[in-house]
$ cat query24.txt   # compact mmCIF, N, CA and C atoms and all ligand atoms
# COMPACT_ATOMS: atom_id res chain seq x y z
N MET A 1 0.83 -1.21 0.00
CA MET A 1 0.00 0.00 0.00
C MET A 1 0.86 1.26 0.00
N GLN A 2 1.94 1.16 0.81
CA GLN A 2 2.82 2.33 0.89
C GLN A 2 3.44 2.66 -0.47
N ALA A 3 3.82 1.62 -1.22
CA ALA A 3 4.41 1.85 -2.55
C ALA A 3 3.40 2.54 -3.47
N LEU A 4 2.14 2.13 -3.39
CA LEU A 4 1.10 2.77 -4.22
C LEU A 4 0.90 4.22 -3.80
N MET A 5 0.90 4.46 -2.49
CA MET A 5 0.69 5.83 -2.02
C MET A 5 1.85 6.73 -2.45
N GLU A 6 3.05 6.15 -2.49
CA GLU A 6 4.21 6.95 -2.95
C GLU A 6 4.03 7.33 -4.41
N LYS A 7 3.49 6.41 -5.20
CA LYS A 7 3.24 6.73 -6.61
C LYS A 7 2.17 7.82 -6.73
N LEU A 8 1.12 7.70 -5.93
CA LEU A 8 0.07 8.74 -5.95
C LEU A 8 0.66 10.09 -5.55
N GLU A 9 1.48 10.05 -4.52
CA GLU A 9 2.06 11.30 -4.02
C GLU A 9 2.93 11.97 -5.07
N ALA A 10 3.58 11.16 -5.89
CA ALA A 10 4.49 11.71 -6.90
C ALA A 10 3.73 12.32 -8.09
N ALA A 11 2.43 12.05 -8.18
CA ALA A 11 1.66 12.49 -9.36
C ALA A 11 0.88 13.77 -9.08
N ASP A 12 0.79 14.64 -10.09
CA ASP A 12 -0.09 15.81 -10.01
C ASP A 12 -1.47 15.47 -10.56
N VAL A 13 -1.49 14.59 -11.55
CA VAL A 13 -2.74 14.24 -12.25
C VAL A 13 -2.92 12.73 -12.19
N LEU A 14 -4.09 12.30 -11.78
CA LEU A 14 -4.41 10.87 -11.75
C LEU A 14 -5.49 10.58 -12.77
N VAL A 15 -5.38 9.45 -13.44
CA VAL A 15 -6.47 8.96 -14.29
C VAL A 15 -6.82 7.57 -13.79
N ILE A 16 -8.06 7.41 -13.37
CA ILE A 16 -8.50 6.11 -12.87
C ILE A 16 -9.55 5.57 -13.83
N ALA A 17 -9.26 4.41 -14.41
CA ALA A 17 -10.19 3.78 -15.35
C ALA A 17 -10.71 2.49 -14.74
N ALA A 18 -12.01 2.26 -14.83
CA ALA A 18 -12.58 1.05 -14.25
C ALA A 18 -13.70 0.52 -15.12
N PRO A 19 -13.66 -0.79 -15.43
CA PRO A 19 -14.81 -1.41 -16.08
C PRO A 19 -15.88 -1.71 -15.05
N SER A 20 -17.09 -1.89 -15.51
CA SER A 20 -18.15 -2.32 -14.61
C SER A 20 -18.04 -3.82 -14.39
N TYR A 21 -17.92 -4.23 -13.15
CA TYR A 21 -18.02 -5.63 -12.76
C TYR A 21 -19.22 -5.72 -11.84
N TRP A 22 -20.24 -6.37 -12.30
CA TRP A 22 -21.47 -6.47 -11.51
C TRP A 22 -21.94 -5.08 -11.07
N ALA A 23 -21.93 -4.19 -12.03
CA ALA A 23 -22.48 -2.84 -11.83
C ALA A 23 -21.70 -2.00 -10.83
N ASP A 24 -20.42 -2.32 -10.66
CA ASP A 24 -19.62 -1.55 -9.70
C ASP A 24 -18.15 -1.60 -10.12
N VAL A 25 -17.30 -0.91 -9.40
CA VAL A 25 -15.87 -1.01 -9.69
C VAL A 25 -15.42 -2.45 -9.40
N PRO A 26 -14.41 -2.97 -10.12
CA PRO A 26 -13.91 -4.31 -9.82
C PRO A 26 -13.43 -4.41 -8.37
N GLY A 27 -13.50 -5.62 -7.83
CA GLY A 27 -13.14 -5.83 -6.43
C GLY A 27 -11.76 -5.31 -6.07
N ILE A 28 -10.82 -5.44 -6.99
CA ILE A 28 -9.45 -5.01 -6.66
C ILE A 28 -9.39 -3.48 -6.48
N ALA A 29 -10.21 -2.78 -7.28
CA ALA A 29 -10.28 -1.32 -7.14
C ALA A 29 -10.94 -0.96 -5.81
N LYS A 30 -11.97 -1.73 -5.45
CA LYS A 30 -12.66 -1.47 -4.18
C LYS A 30 -11.73 -1.74 -3.00
N SER A 31 -10.93 -2.81 -3.12
CA SER A 31 -9.97 -3.11 -2.03
C SER A 31 -8.98 -1.96 -1.87
N PHE A 32 -8.52 -1.44 -3.00
CA PHE A 32 -7.60 -0.31 -2.93
C PHE A 32 -8.27 0.87 -2.22
N ILE A 33 -9.50 1.18 -2.63
CA ILE A 33 -10.23 2.29 -2.00
C ILE A 33 -10.36 2.05 -0.50
N ASP A 34 -10.76 0.84 -0.14
CA ASP A 34 -10.92 0.53 1.29
C ASP A 34 -9.62 0.77 2.06
N ARG A 35 -8.51 0.38 1.44
CA ARG A 35 -7.23 0.48 2.15
C ARG A 35 -6.69 1.91 2.17
N CYS A 36 -7.36 2.80 1.45
CA CYS A 36 -6.97 4.22 1.52
C CYS A 36 -7.54 4.91 2.76
N THR A 37 -8.37 4.20 3.52
CA THR A 37 -9.07 4.85 4.65
C THR A 37 -8.09 5.55 5.59
N ALA A 38 -6.97 4.90 5.86
CA ALA A 38 -6.00 5.51 6.80
C ALA A 38 -5.44 6.82 6.26
N TYR A 39 -5.47 6.98 4.92
CA TYR A 39 -4.90 8.17 4.29
C TYR A 39 -5.96 9.24 4.01
N SER A 40 -7.18 8.97 4.42
CA SER A 40 -8.31 9.85 4.05
C SER A 40 -8.70 10.77 5.20
N ASP A 41 -9.62 11.68 4.91
CA ASP A 41 -10.05 12.61 5.96
C ASP A 41 -10.98 11.95 6.97
N THR A 42 -11.25 10.66 6.79
CA THR A 42 -12.05 9.96 7.81
C THR A 42 -11.15 9.33 8.88
N ASN A 43 -9.84 9.40 8.68
CA ASN A 43 -8.92 8.95 9.74
C ASN A 43 -8.94 9.99 10.86
N PRO A 44 -9.41 9.63 12.05
CA PRO A 44 -9.54 10.63 13.11
C PRO A 44 -8.21 11.16 13.63
N ASP A 45 -7.12 10.47 13.31
CA ASP A 45 -5.81 10.91 13.78
C ASP A 45 -5.34 12.11 12.94
N PRO A 46 -5.27 13.30 13.53
CA PRO A 46 -4.88 14.48 12.75
C PRO A 46 -3.46 14.37 12.20
N ASP A 47 -2.65 13.52 12.81
CA ASP A 47 -1.28 13.31 12.31
C ASP A 47 -1.18 12.11 11.38
N GLY A 48 -2.34 11.56 11.03
CA GLY A 48 -2.33 10.40 10.12
C GLY A 48 -1.79 10.80 8.75
N PRO A 49 -1.40 9.83 7.93
CA PRO A 49 -0.83 10.17 6.62
C PRO A 49 -1.87 10.80 5.71
N ARG A 50 -1.46 11.80 4.96
CA ARG A 50 -2.36 12.46 3.99
C ARG A 50 -1.56 12.72 2.72
N LEU A 51 -2.24 12.70 1.59
CA LEU A 51 -1.60 13.12 0.35
C LEU A 51 -1.48 14.63 0.34
N LYS A 52 -0.47 15.14 -0.36
CA LYS A 52 -0.38 16.60 -0.52
C LYS A 52 -1.58 17.07 -1.33
N SER A 53 -2.03 18.28 -1.08
CA SER A 53 -3.19 18.78 -1.83
C SER A 53 -2.75 19.19 -3.24
N ASP A 54 -3.71 19.65 -4.04
CA ASP A 54 -3.43 20.15 -5.38
C ASP A 54 -3.27 19.07 -6.44
N LYS A 55 -3.80 17.92 -6.16
CA LYS A 55 -3.82 16.90 -7.21
C LYS A 55 -5.20 16.90 -7.83
N ARG A 56 -5.30 16.48 -9.09
CA ARG A 56 -6.62 16.33 -9.68
C ARG A 56 -6.73 14.96 -10.34
N CYS A 57 -7.96 14.51 -10.45
CA CYS A 57 -8.22 13.15 -10.93
C CYS A 57 -9.27 13.16 -12.03
N TYR A 58 -9.05 12.32 -13.03
CA TYR A 58 -10.02 12.10 -14.10
C TYR A 58 -10.46 10.64 -14.02
N GLY A 59 -11.73 10.40 -14.23
CA GLY A 59 -12.24 9.03 -14.18
C GLY A 59 -12.72 8.57 -15.54
N ILE A 60 -12.50 7.31 -15.82
CA ILE A 60 -13.02 6.69 -17.05
C ILE A 60 -13.75 5.42 -16.63
N ALA A 61 -15.02 5.29 -17.03
CA ALA A 61 -15.78 4.08 -16.72
C ALA A 61 -16.24 3.46 -18.03
N LEU A 62 -16.33 2.14 -18.04
CA LEU A 62 -16.85 1.48 -19.23
C LEU A 62 -17.62 0.23 -18.85
N ARG A 63 -18.52 -0.13 -19.74
CA ARG A 63 -19.32 -1.32 -19.48
C ARG A 63 -19.78 -1.93 -20.81
N THR A 64 -20.25 -3.15 -20.73
CA THR A 64 -20.76 -3.83 -21.92
C THR A 64 -22.20 -3.42 -22.21
N GLY A 65 -22.98 -3.26 -21.18
CA GLY A 65 -24.38 -2.91 -21.36
C GLY A 65 -24.54 -1.51 -21.93
N ALA A 66 -25.78 -1.18 -22.28
CA ALA A 66 -26.02 0.06 -23.03
C ALA A 66 -26.39 1.25 -22.15
N ARG A 67 -26.96 0.97 -20.98
CA ARG A 67 -27.47 2.10 -20.20
C ARG A 67 -26.36 2.74 -19.35
N PRO A 68 -26.41 4.06 -19.21
CA PRO A 68 -25.30 4.77 -18.56
C PRO A 68 -25.23 4.67 -17.04
N MET A 69 -26.32 4.23 -16.40
CA MET A 69 -26.40 4.35 -14.93
C MET A 69 -25.20 3.69 -14.22
N GLU A 70 -24.80 2.52 -14.68
CA GLU A 70 -23.69 1.82 -14.01
C GLU A 70 -22.41 2.62 -14.10
N CYS A 71 -22.19 3.21 -15.28
CA CYS A 71 -20.96 3.99 -15.46
C CYS A 71 -21.00 5.23 -14.56
N GLU A 72 -22.15 5.85 -14.47
CA GLU A 72 -22.28 7.03 -13.59
C GLU A 72 -22.00 6.63 -12.14
N HIS A 73 -22.47 5.45 -11.77
CA HIS A 73 -22.23 4.97 -10.40
C HIS A 73 -20.72 4.80 -10.16
N ILE A 74 -20.03 4.21 -11.14
CA ILE A 74 -18.58 3.98 -11.00
C ILE A 74 -17.85 5.31 -10.90
N LEU A 75 -18.23 6.26 -11.74
CA LEU A 75 -17.59 7.58 -11.66
C LEU A 75 -17.91 8.23 -10.31
N GLY A 76 -19.12 7.98 -9.82
CA GLY A 76 -19.49 8.51 -8.50
C GLY A 76 -18.60 7.93 -7.41
N THR A 77 -18.27 6.64 -7.52
CA THR A 77 -17.39 6.00 -6.54
C THR A 77 -16.00 6.65 -6.58
N ILE A 78 -15.50 6.89 -7.79
CA ILE A 78 -14.18 7.51 -7.92
C ILE A 78 -14.22 8.93 -7.36
N GLU A 79 -15.30 9.64 -7.67
CA GLU A 79 -15.44 11.02 -7.17
C GLU A 79 -15.51 11.03 -5.63
N HIS A 80 -16.23 10.06 -5.08
CA HIS A 80 -16.36 9.96 -3.62
C HIS A 80 -14.99 9.72 -2.97
N TRP A 81 -14.24 8.81 -3.58
CA TRP A 81 -12.87 8.53 -3.08
C TRP A 81 -12.03 9.81 -3.12
N CYS A 82 -12.13 10.52 -4.25
CA CYS A 82 -11.36 11.78 -4.36
C CYS A 82 -11.73 12.74 -3.23
N GLY A 83 -13.02 12.85 -2.97
CA GLY A 83 -13.50 13.79 -1.96
C GLY A 83 -12.86 13.55 -0.61
N HIS A 84 -12.74 12.27 -0.25
CA HIS A 84 -12.17 11.95 1.07
C HIS A 84 -10.64 11.96 1.07
N MET A 85 -10.06 11.96 -0.13
CA MET A 85 -8.59 11.94 -0.21
C MET A 85 -8.02 13.34 -0.46
N GLY A 86 -8.89 14.34 -0.53
CA GLY A 86 -8.42 15.71 -0.78
C GLY A 86 -7.94 15.92 -2.21
N ILE A 87 -8.51 15.15 -3.14
CA ILE A 87 -8.13 15.24 -4.56
C ILE A 87 -9.29 15.86 -5.31
N ASP A 88 -9.03 16.80 -6.22
CA ASP A 88 -10.10 17.38 -7.03
C ASP A 88 -10.52 16.39 -8.11
N PHE A 89 -11.80 16.08 -8.15
CA PHE A 89 -12.31 15.26 -9.25
C PHE A 89 -12.67 16.21 -10.39
N ALA A 90 -11.90 16.17 -11.48
CA ALA A 90 -12.02 17.20 -12.50
C ALA A 90 -12.99 16.82 -13.63
N GLU A 91 -13.03 15.56 -14.00
CA GLU A 91 -13.93 15.16 -15.09
C GLU A 91 -14.06 13.65 -15.12
N GLY A 92 -15.25 13.20 -15.48
CA GLY A 92 -15.44 11.77 -15.70
C GLY A 92 -15.97 11.56 -17.11
N ILE A 93 -15.55 10.46 -17.71
CA ILE A 93 -16.00 10.16 -19.06
C ILE A 93 -16.37 8.67 -19.08
N TYR A 94 -17.41 8.32 -19.82
CA TYR A 94 -17.74 6.89 -19.82
C TYR A 94 -18.18 6.40 -21.19
N PHE A 95 -18.01 5.08 -21.33
CA PHE A 95 -18.30 4.41 -22.59
C PHE A 95 -19.17 3.19 -22.30
N CYS A 96 -20.28 3.09 -23.00
CA CYS A 96 -21.14 1.91 -22.89
C CYS A 96 -20.94 1.04 -24.13
N LYS A 97 -21.48 -0.16 -24.10
CA LYS A 97 -21.39 -1.13 -25.21
C LYS A 97 -19.94 -1.50 -25.53
N ILE A 98 -19.13 -1.65 -24.50
CA ILE A 98 -17.74 -2.06 -24.70
C ILE A 98 -17.59 -3.52 -24.25
N GLU A 99 -17.38 -4.40 -25.23
CA GLU A 99 -17.17 -5.83 -24.90
C GLU A 99 -15.69 -6.12 -24.73
N GLY A 100 -14.88 -5.46 -25.53
CA GLY A 100 -13.44 -5.75 -25.50
C GLY A 100 -12.67 -4.63 -26.19
N LYS A 101 -11.38 -4.90 -26.41
CA LYS A 101 -10.48 -3.87 -26.94
C LYS A 101 -10.97 -3.27 -28.26
N SER A 102 -11.54 -4.12 -29.12
CA SER A 102 -11.92 -3.61 -30.45
C SER A 102 -13.04 -2.56 -30.34
N ASP A 103 -13.82 -2.63 -29.29
CA ASP A 103 -14.92 -1.65 -29.14
C ASP A 103 -14.42 -0.29 -28.64
N ILE A 104 -13.27 -0.29 -27.97
CA ILE A 104 -12.75 0.99 -27.46
C ILE A 104 -11.87 1.65 -28.53
N ALA A 105 -11.43 0.84 -29.51
CA ALA A 105 -10.53 1.38 -30.55
C ALA A 105 -11.09 2.64 -31.23
N PRO A 106 -12.38 2.69 -31.59
CA PRO A 106 -12.89 3.90 -32.25
C PRO A 106 -12.82 5.15 -31.36
N HIS A 107 -12.65 4.96 -30.07
CA HIS A 107 -12.63 6.10 -29.16
C HIS A 107 -11.21 6.56 -28.80
N LYS A 108 -10.21 5.91 -29.41
CA LYS A 108 -8.83 6.21 -29.03
C LYS A 108 -8.44 7.65 -29.33
N ALA A 109 -8.93 8.15 -30.46
CA ALA A 109 -8.57 9.53 -30.81
C ALA A 109 -9.10 10.49 -29.75
N LEU A 110 -10.32 10.26 -29.33
CA LEU A 110 -10.91 11.11 -28.29
C LEU A 110 -10.13 10.99 -26.97
N LEU A 111 -9.75 9.76 -26.63
CA LEU A 111 -9.01 9.56 -25.38
C LEU A 111 -7.65 10.25 -25.44
N ARG A 112 -7.02 10.20 -26.63
CA ARG A 112 -5.72 10.89 -26.77
C ARG A 112 -5.92 12.39 -26.61
N GLU A 113 -6.99 12.88 -27.23
CA GLU A 113 -7.29 14.32 -27.14
C GLU A 113 -7.53 14.72 -25.67
N LYS A 114 -8.31 13.90 -24.99
CA LYS A 114 -8.60 14.18 -23.57
C LYS A 114 -7.29 14.17 -22.76
N ALA A 115 -6.46 13.14 -23.00
CA ALA A 115 -5.22 13.03 -22.23
C ALA A 115 -4.36 14.27 -22.46
N GLY A 116 -4.36 14.76 -23.70
CA GLY A 116 -3.59 15.96 -24.00
C GLY A 116 -4.05 17.14 -23.14
N VAL A 117 -5.36 17.27 -22.99
CA VAL A 117 -5.90 18.36 -22.17
C VAL A 117 -5.66 18.08 -20.69
N TRP A 118 -5.94 16.85 -20.28
CA TRP A 118 -5.86 16.51 -18.86
C TRP A 118 -4.45 16.70 -18.30
N PHE A 119 -3.45 16.33 -19.12
CA PHE A 119 -2.09 16.37 -18.59
C PHE A 119 -1.38 17.70 -18.83
N THR A 120 -2.01 18.60 -19.56
CA THR A 120 -1.31 19.87 -19.81
C THR A 120 -2.03 21.08 -19.23
N THR A 121 -3.35 20.97 -19.07
CA THR A 121 -4.11 22.14 -18.66
C THR A 121 -3.73 22.58 -17.25
N ASP A 122 -3.52 23.85 -17.11
CA ASP A 122 -3.30 24.40 -15.78
C ASP A 122 -4.60 24.30 -15.00
N LYS A 123 -4.46 23.94 -13.74
CA LYS A 123 -5.66 23.74 -12.91
C LYS A 123 -6.60 24.95 -12.93
N ARG A 124 -6.02 26.13 -12.96
CA ARG A 124 -6.86 27.34 -12.88
C ARG A 124 -7.72 27.52 -14.14
N GLU A 125 -7.31 26.88 -15.24
CA GLU A 125 -8.08 27.02 -16.48
C GLU A 125 -9.21 26.01 -16.58
N LEU A 126 -9.25 25.07 -15.62
CA LEU A 126 -10.23 23.99 -15.74
C LEU A 126 -11.62 24.43 -15.37
N SER A 127 -12.57 24.09 -16.21
CA SER A 127 -13.95 24.24 -15.78
C SER A 127 -14.44 22.82 -15.56
N VAL A 128 -14.89 22.55 -14.38
CA VAL A 128 -15.22 21.17 -14.04
C VAL A 128 -16.43 20.71 -14.84
N GLN A 129 -16.20 19.61 -15.56
CA GLN A 129 -17.26 19.02 -16.37
C GLN A 129 -17.54 17.68 -15.71
N LYS A 130 -18.73 17.48 -15.25
CA LYS A 130 -18.90 16.28 -14.42
C LYS A 130 -18.78 15.00 -15.23
N PHE A 131 -19.85 14.46 -15.72
CA PHE A 131 -19.73 13.20 -16.45
C PHE A 131 -20.09 13.42 -17.92
N THR A 132 -19.27 12.87 -18.80
CA THR A 132 -19.52 12.99 -20.22
C THR A 132 -19.76 11.62 -20.80
N ARG A 133 -20.87 11.47 -21.48
CA ARG A 133 -21.15 10.18 -22.10
C ARG A 133 -20.61 10.20 -23.53
N ARG A 134 -19.93 9.14 -23.89
CA ARG A 134 -19.37 9.07 -25.24
C ARG A 134 -20.06 8.05 -26.13
N THR A 135 -20.60 7.01 -25.59
CA THR A 135 -21.38 6.09 -26.43
C THR A 135 -22.59 5.62 -25.65
C1 LIG B 201 -16.64 -10.26 -13.65
C2 LIG B 201 -17.26 -9.35 -14.68
C3 LIG B 201 -18.43 -8.69 -14.38
C4 LIG B 201 -19.02 -7.83 -15.31
N1 LIG B 201 -20.18 -7.17 -14.98
C5 LIG B 201 -20.71 -6.30 -15.86
C6 LIG B 201 -21.89 -5.57 -15.52
O1 LIG B 201 -22.45 -5.72 -14.44
N2 LIG B 201 -22.39 -4.71 -16.43
C7 LIG B 201 -21.80 -4.51 -17.66
O2 LIG B 201 -22.29 -3.69 -18.44
N3 LIG B 201 -20.66 -5.16 -17.99
C8 LIG B 201 -20.12 -6.05 -17.13
N4 LIG B 201 -18.96 -6.72 -17.47
C9 LIG B 201 -18.33 -6.43 -18.75
C10 LIG B 201 -17.15 -5.47 -18.57
O3 LIG B 201 -17.53 -4.22 -17.99
C11 LIG B 201 -16.50 -5.18 -19.94
O4 LIG B 201 -16.38 -6.35 -20.67
C12 LIG B 201 -15.12 -4.57 -19.79
O5 LIG B 201 -14.69 -4.21 -21.06
C13 LIG B 201 -14.15 -5.60 -19.17
O6 LIG B 201 -12.90 -4.96 -18.96
P1 LIG B 201 -11.61 -5.89 -18.60
O7 LIG B 201 -11.38 -6.74 -19.84
O8 LIG B 201 -10.52 -4.90 -18.35
O9 LIG B 201 -11.95 -6.75 -17.42
C14 LIG B 201 -18.39 -7.62 -16.57
C15 LIG B 201 -17.19 -8.29 -16.87
C16 LIG B 201 -16.62 -9.14 -15.94
C17 LIG B 201 -15.33 -9.86 -16.29

$ encode --input "query24.txt" --output "C-alpha cells"
Amino acid sequence: MQALMEKLEAADVLVIAAPSYWADVPGIAKSFIDRCTAYSDTNPDPDGPRLKSDKRCYGIALRTGARPMECEHILGTIEHWCGHMGIDFAEGIYFCKIEGKSDIAPHKALLREKAGVWFTTDKRELSVQKFTRRT
C-alpha cells in the first residue's frame, strides 16, 4: 500500500479507469479504495498520513451494457474517493457497449485528445465538467 501511495504522491494528475463488474468497480479497485481509509479525511488521527493537496483526478468508466447508470455509479465512486482523499475530481467520461479492446478502438482519438488536455491544462483554467457520455 505504501508503494502505491508513494506513486500517488508523486503524481499531479491521476487517471483512474474502471470497467463495470457487476455494476460496480472491480473488487481489486474497491480493495484499494478501502485500504486508503487511513490516508483519508475519515482517519480521526490528525497526524495520520495524507496526500499533498493540489492533485486532480479524471475518471473513465466502461461497461458492456447500453445504459449509462452503471458507469455514472462507478464515476461517482471515484469522485467519492477523491472527496475523502483531498483530490479534485475534474472530469469523468464513460463508454457503454464495450465488450473488448476492439470496441474501445474507435474512441482512441478522443481519449488521446482528452489526455492531452488533462495532462497539460493548468488547474486554474479547468472548468469542471462532471460526467460525459461518449457512447
Ligand atoms: C466479472 C465481470 C463482471 C461484469 N459485470 C458487468 C456488468 O455488471 N455490467 C456490464 O455492463 N458489464 C459487465 N462486465 C463487462 C465489462 O464491464 C467489460 O467487458 C469490460 O470491457 C471488461 O474490462 P476488462 O477486460 O478490463 O476486465 C463484466 C465483466 C466481468 C469480467

$ axis_aligned_box --input "query24.txt" --around "ligand LIG 201 (chain B)" --padding-each-side "4 Å" --output "AutoDock Vina command-line options"
--center_x -16.5 --center_y -7.0 --center_z -17.4 --size_x 19.9 --size_y 14.6 --size_z 15.4

$ closest_residue --input "query24.txt" --among "A:Leu51, A:Cys57, A:Cys96, A:Ala23" --to "ligand LIG 201 (chain B)" --atoms "only C-alpha atoms and all ligand atoms"
A:Ala23

$ residues_near_ligand --input "query24.txt" --ligand "ligand LIG 201 (chain B)" --cutoff "5 Å" --atoms "only N, CA and C atoms and all ligand atoms" --output "ChimeraX atom specification"
/A:19-23,62-65,98-100

$ select_by_dssp --input "query24.txt" --residues "stretch 5-124 of chain A" --states "strand (DSSP E)" --output "ChimeraX atom specification"
/A:13-19,56-62,88-95

$ closest_residue --input "query24.txt" --among "A:Gln2, A:Pro44, A:Ala10, A:Thr132" --to "A:Ile93" --atoms "only N, CA and C atoms"
A:Thr132

$ atom_distance --input "query24.txt" --atom1 "atom N of A:Val25" --atom2 "atom CA of A:Ile74"
5.3 Å

$ closest_residue --input "query24.txt" --among "A:Gly48, A:Pro26, A:Pro106, A:Gly92" --to "A:Leu75" --atoms "all atoms listed in the file"
A:Gly92

$ atom_distance --input "query24.txt" --atom1 "atom CA of A:Asp122" --atom2 "atom C of A:Met5"
22.7 Å

$ atom_distance --input "query24.txt" --atom1 "atom C of A:Asp103" --atom2 "atom N of A:Arg56"
27.3 Å

$ residues_around --input "query24.txt" --residues "A:Ile60" --least-positions-apart "5" --cutoff "12 Å" --atoms "only C-alpha atoms" --output "VMD selection string"
chain A and resid 14 to 20 25 71 to 79 89 to 96 104 111 114 to 115 130 to 134

$ residues_around --input "query24.txt" --residues "A:Pro49" --least-positions-apart "3" --cutoff "9 Å" --atoms "only C-alpha atoms" --output "list in words"
Ala38, Tyr39, Ser40, Asn43, Asp45 and Pro46 of chain A

$ residues_around --input "query24.txt" --residues "A:Asp54" --least-positions-apart "2" --cutoff "6 Å" --atoms "all atoms listed in the file" --output "PDB file with N, CA and C atoms, in the coordinates of the input"
ATOM      1  N   ASP A  12       0.790  14.640 -10.090  1.00  0.00           N
ATOM      2  CA  ASP A  12      -0.090  15.810 -10.010  1.00  0.00           C
ATOM      3  C   ASP A  12      -1.470  15.470 -10.560  1.00  0.00           C
ATOM      4  N   LYS A  52      -0.470  15.140  -0.360  1.00  0.00           N
ATOM      5  CA  LYS A  52      -0.380  16.600  -0.520  1.00  0.00           C
ATOM      6  C   LYS A  52      -1.580  17.070  -1.330  1.00  0.00           C
ATOM      7  N   ARG A  56      -5.300  16.480  -9.090  1.00  0.00           N
ATOM      8  CA  ARG A  56      -6.620  16.330  -9.680  1.00  0.00           C
ATOM      9  C   ARG A  56      -6.730  14.960 -10.340  1.00  0.00           C
ATOM     10  N   GLY A  86      -8.890  14.340  -0.530  1.00  0.00           N
ATOM     11  CA  GLY A  86      -8.420  15.710  -0.780  1.00  0.00           C
ATOM     12  C   GLY A  86      -7.940  15.920  -2.210  1.00  0.00           C
TER      13      GLY A  86
END

$ select_by_dssp --input "query24.txt" --residues "stretch 27-103 of chain A" --states "alpha helix (DSSP H)" --output "VMD selection string"
chain A and resid 27 to 35 69 to 85 101 to 103
